[in-house]
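Participant: Before I ask anything, let me first share the structure, which is written out below as structure tokens.
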Amino acid sequence: MAYIAADDFRQETQKSWCKGLVLTDGDAGESELDLLIAQVAGLIELELDDDFDPPNPDNDETIYVDGTIGSRLYVPRRVRSLTTVSTRSLSGTITAIAATSYRLHSSLNGGTAMADGYRKRDWLDSLSFTTWAADAIQLVGKFGWAAVPSDIKRLVALRVYDTVKPTGDPLSTVVQRQTADGSLVIGESREMARIVSAYGRRMAVTA
């Protein structure tokens with residue numbers, strides 16, 4: 001996962017998403033940082049239930065969704081485009097569905113931003129009310145983001161930085177608060193919380 005690179009944290013080659021997050025070779029070497037970036041990026045994808053890393057090459061993928069008797073079929077991944085939509089029986093028989101029989105509601109605008117600035121879920125609306133009544137629906141197309149959002153690069157950078165820097169470091173972005181009983185509460189910064197709230201799909205309303 002090449003969200004960001006070790007050089008993005010260096011003073012001489014710093015990128016905008018690493019603003020205020022300088023890490024020297026003494027803090028972490030290049031190979032160590034690259035490994036940590038990959039680990040943090042993977043955890044963020046799991047946490048936010050999304051795939052931000054653009055596929056390379058960007059070929060069509062095939063995914064399957066359980067059929068339903070309702071008129072709306074929710075797709076577990078963000079959809080950039082659909083090439084074909086078909087039903088699939090338990091015996092493996094594939095039957096194409098005409099593009100005029102459904103309407104795609106994508107959460108992405110061009111693959112680089114969320115539609116309406118906030119949409120998190122993707123679905124297909126049937127125009128015949130019986131389109132999805134099958135064992136499974138086969139979707140062939142392009143899924144996930146076409147480019148990693150700057151906010152996600154920033155979130156990766158913040159978490160990598162705080163993993164390298166101890167929480168007691170004055171430059172750490174981890175929020176530390178002392179409660180009335182003297183307990184020390186450690187949590188993510190408001191900036192991290194804002195990004196997670198904006199992009200997290202697990203709690204997204206699907207109605």
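Scheme for the structure tokens: letters A, B, ... for chains in order shown; per-chain residue numbers from 1; ligand numbers from 1 in order shown.
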Using DSSP assignments from the backbone, pull out every residue in segment 17-196 of chain A that falls under strand (DSSP E or B) and give it to me as an MDAnalysis selection string.
Facilitator: chainID A and resid 61:66 72:75 79:88 94:96 102:105 108 114 122:126 136:143 175:178 184:187
Participant: Could you write out that same residue set with C-alpha atoms as a compact mmCIF listing (two decimals), in the first residue's frame?
Facilitator:
```
# COMPACT_ATOMS: atom_id res chain seq x y z
CA GLU A 61 -12.97 -6.74 -10.90
CA THR A 62 -15.76 -9.22 -10.23
CA ILE A 63 -17.59 -9.32 -6.91
CA TYR A 64 -20.69 -11.18 -5.73
CA VAL A 65 -23.51 -9.89 -3.55
CA ASP A 66 -26.24 -12.02 -1.99
CA ARG A 72 -32.52 -2.06 -3.34
CA LEU A 73 -29.22 -3.94 -3.47
CA TYR A 74 -26.44 -2.59 -1.26
CA VAL A 75 -22.90 -3.11 -2.53
CA VAL A 79 -18.39 1.54 -7.02
CA ARG A 80 -16.76 3.75 -9.64
CA SER A 81 -18.39 2.09 -12.64
CA LEU A 82 -20.16 -1.11 -13.64
CA THR A 83 -19.48 -2.99 -16.87
CA THR A 84 -22.02 -5.77 -16.38
CA VAL A 85 -24.57 -6.82 -13.78
CA SER A 86 -25.85 -10.41 -13.77
CA THR A 87 -27.65 -12.97 -11.65
CA ARG A 88 -25.82 -16.15 -10.69
CA ILE A 94 -24.93 -16.43 -15.28
CA THR A 95 -27.78 -14.32 -16.68
CA ALA A 96 -27.10 -10.72 -17.68
CA TYR A 102 -31.43 -0.75 -12.51
CA ARG A 103 -29.90 2.54 -11.42
CA LEU A 104 -26.50 2.82 -9.72
CA HIS A 105 -26.05 5.18 -6.79
CA LEU A 108 -17.86 8.44 -5.36
CA MET A 114 -17.35 11.39 -2.03
CA ASP A 122 -23.31 2.41 -2.71
CA TRP A 123 -26.42 0.66 -3.95
CA LEU A 124 -28.40 -0.39 -6.99
CA ASP A 125 -32.10 0.40 -7.26
CA SER A 126 -34.16 -2.05 -9.29
CA ALA A 136 -26.31 -14.06 -6.00
CA ILE A 137 -25.71 -10.95 -8.05
CA GLN A 138 -22.48 -10.74 -10.04
CA LEU A 139 -21.03 -7.26 -10.46
CA VAL A 140 -18.19 -6.58 -12.89
CA GLY A 141 -16.64 -3.14 -12.85
CA LYS A 142 -14.26 -0.81 -11.09
CA PHE A 143 -14.40 -0.54 -7.31
CA VAL A 175 -4.39 14.00 23.18
CA GLN A 176 -3.65 13.54 26.86
CA ARG A 177 -6.15 14.73 29.47
CA GLN A 178 -6.25 14.33 33.22
CA LEU A 184 -4.73 10.01 32.52
CA VAL A 185 -6.87 9.63 29.41
CA ILE A 186 -5.07 9.20 26.10
CA GLY A 187 -6.90 9.49 22.81
```
Participant: Return as a ChimeraX atom specification the full set of residues in chain A whose backbone-based DSSP assignment is alpha helix (DSSP H).
Facilitator: /A:30-48,150-164,190-199
Participant: Just the number, please: distance in Å from atom CA of Glu45 of chain A to atom CA of Lys165 of chain A, one decimal.
Facilitator: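 Computing it gives 22.4 Å between the two atoms.
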Participant: Which residues come within 7 Å of Ser107 of chain A, counting only C-alpha atoms, excluding same-chain residues fewer than 3 positions away, as a list in words?
Facilitator: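 These residues fall inside the cut-off: Arg78, Met114, Ala115, Arg119, Lys120, Arg121 and Asp122 of chain A.
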Participant: Store the residues of this selection in a file with N, CA and C atoms, as an mmCIF file, in the first residue's frame.
Facilitator:
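Final file, part31.cif:
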```
data_model
loop_
_atom_site.group_PDB
_atom_site.id
_atom_site.type_symbol
_atom_site.label_atom_id
_atom_site.label_comp_id
_atom_site.auth_asym_id
_atom_site.auth_seq_id
_atom_site.Cartn_x
_atom_site.Cartn_y
_atom_site.Cartn_z
ATOM 1 N N ARG A 78 -17.200 0.540 -2.536
ATOM 2 C CA ARG A 78 -17.508 1.729 -3.333
ATOM 3 C C ARG A 78 -17.401 1.371 -4.817
ATOM 4 N N MET A 114 -16.053 11.950 -2.350
ATOM 5 C CA MET A 114 -17.355 11.386 -2.031
ATOM 6 C C MET A 114 -18.467 12.213 -2.667
ATOM 7 N N ALA A 115 -19.442 11.539 -3.252
ATOM 8 C CA ALA A 115 -20.591 12.217 -3.845
ATOM 9 C C ALA A 115 -21.313 13.018 -2.775
ATOM 10 N N ARG A 119 -21.398 11.083 1.033
ATOM 11 C CA ARG A 119 -22.021 9.777 0.817
ATOM 12 C C ARG A 119 -21.033 8.640 1.059
ATOM 13 N N LYS A 120 -21.442 7.620 1.820
ATOM 14 C CA LYS A 120 -20.535 6.545 2.217
ATOM 15 C C LYS A 120 -20.935 5.174 1.700
ATOM 16 N N ARG A 121 -22.164 5.023 1.237
ATOM 17 C CA ARG A 121 -22.635 3.719 0.791
ATOM 18 C C ARG A 121 -23.036 3.740 -0.676
ATOM 19 N N ASP A 122 -22.950 2.572 -1.301
ATOM 20 C CA ASP A 122 -23.308 2.415 -2.712
ATOM 21 C C ASP A 122 -24.445 1.397 -2.824
#
```
Participant: Pick out the residues sitting within 8 Å of Thr130 of chain A, and hand them over as a list in words; count only C-alpha atoms, and ignore anything fewer than 4 positions along from it in its own chain.
Facilitator: Ile69, Gly70, Ser71 and Ser126 of chain A
Participant: Please compute the atom CA of Ser89 of chain A-atom CA of Ser128 of chain A distance, one decimal, in Å.
Facilitator: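 Computing the Euclidean distance for atom CA of Ser89 of chain A and atom CA of Ser128 of chain A yields 19.2 Å.
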Participant: Between A:Lys15, A:Ala133, A:Asp151, A:Asp25, which is the closest to Ser197 of chain A once you count only C-alpha atoms?
Facilitator: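 Among A:Lys15, A:Ala133, A:Asp151, A:Asp25, it is A:Asp151 that comes nearest to Ser197 of chain A.
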Participant: Between A:Asn56, A:Ile195, A:Glu188, A:Pro76, which has the minimum distance to Thr163 of chain A (counting only C-alpha atoms)?
Facilitator: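 Of all the options, A:Glu188 lies closest to Thr163 of chain A.
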Participant: Extract, using only C-alpha atoms, all DNA, RNA and protein residues at most 12 Å from Ala38 of chain A, discarding same-chain residues fewer than 6 positions from it, and format them as a list in words.
Facilitator: Met1, Ala2, Tyr3, Ile4, Ala5, Ala6, Ser31, Glu32, Ile44, Glu45, Asp53, Lys153, Val156, Ala157, Arg159 and Val160 of chain A
Participant: I'd like to know which of A:Ala198, A:Ser189, A:Leu155, A:Gly111 is closest to Ala41 of chain A, using only C-alpha atoms.
Facilitator: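 Result for the nearest residue to Ala41 of chain A: A:Leu155.
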Participant: For a test of reading the model, state the distance in Å between atom CA of Ala113 of chain A and atom CA of Gly144 of chain A, rounded to one decimal.
Facilitator: 11.0 Å
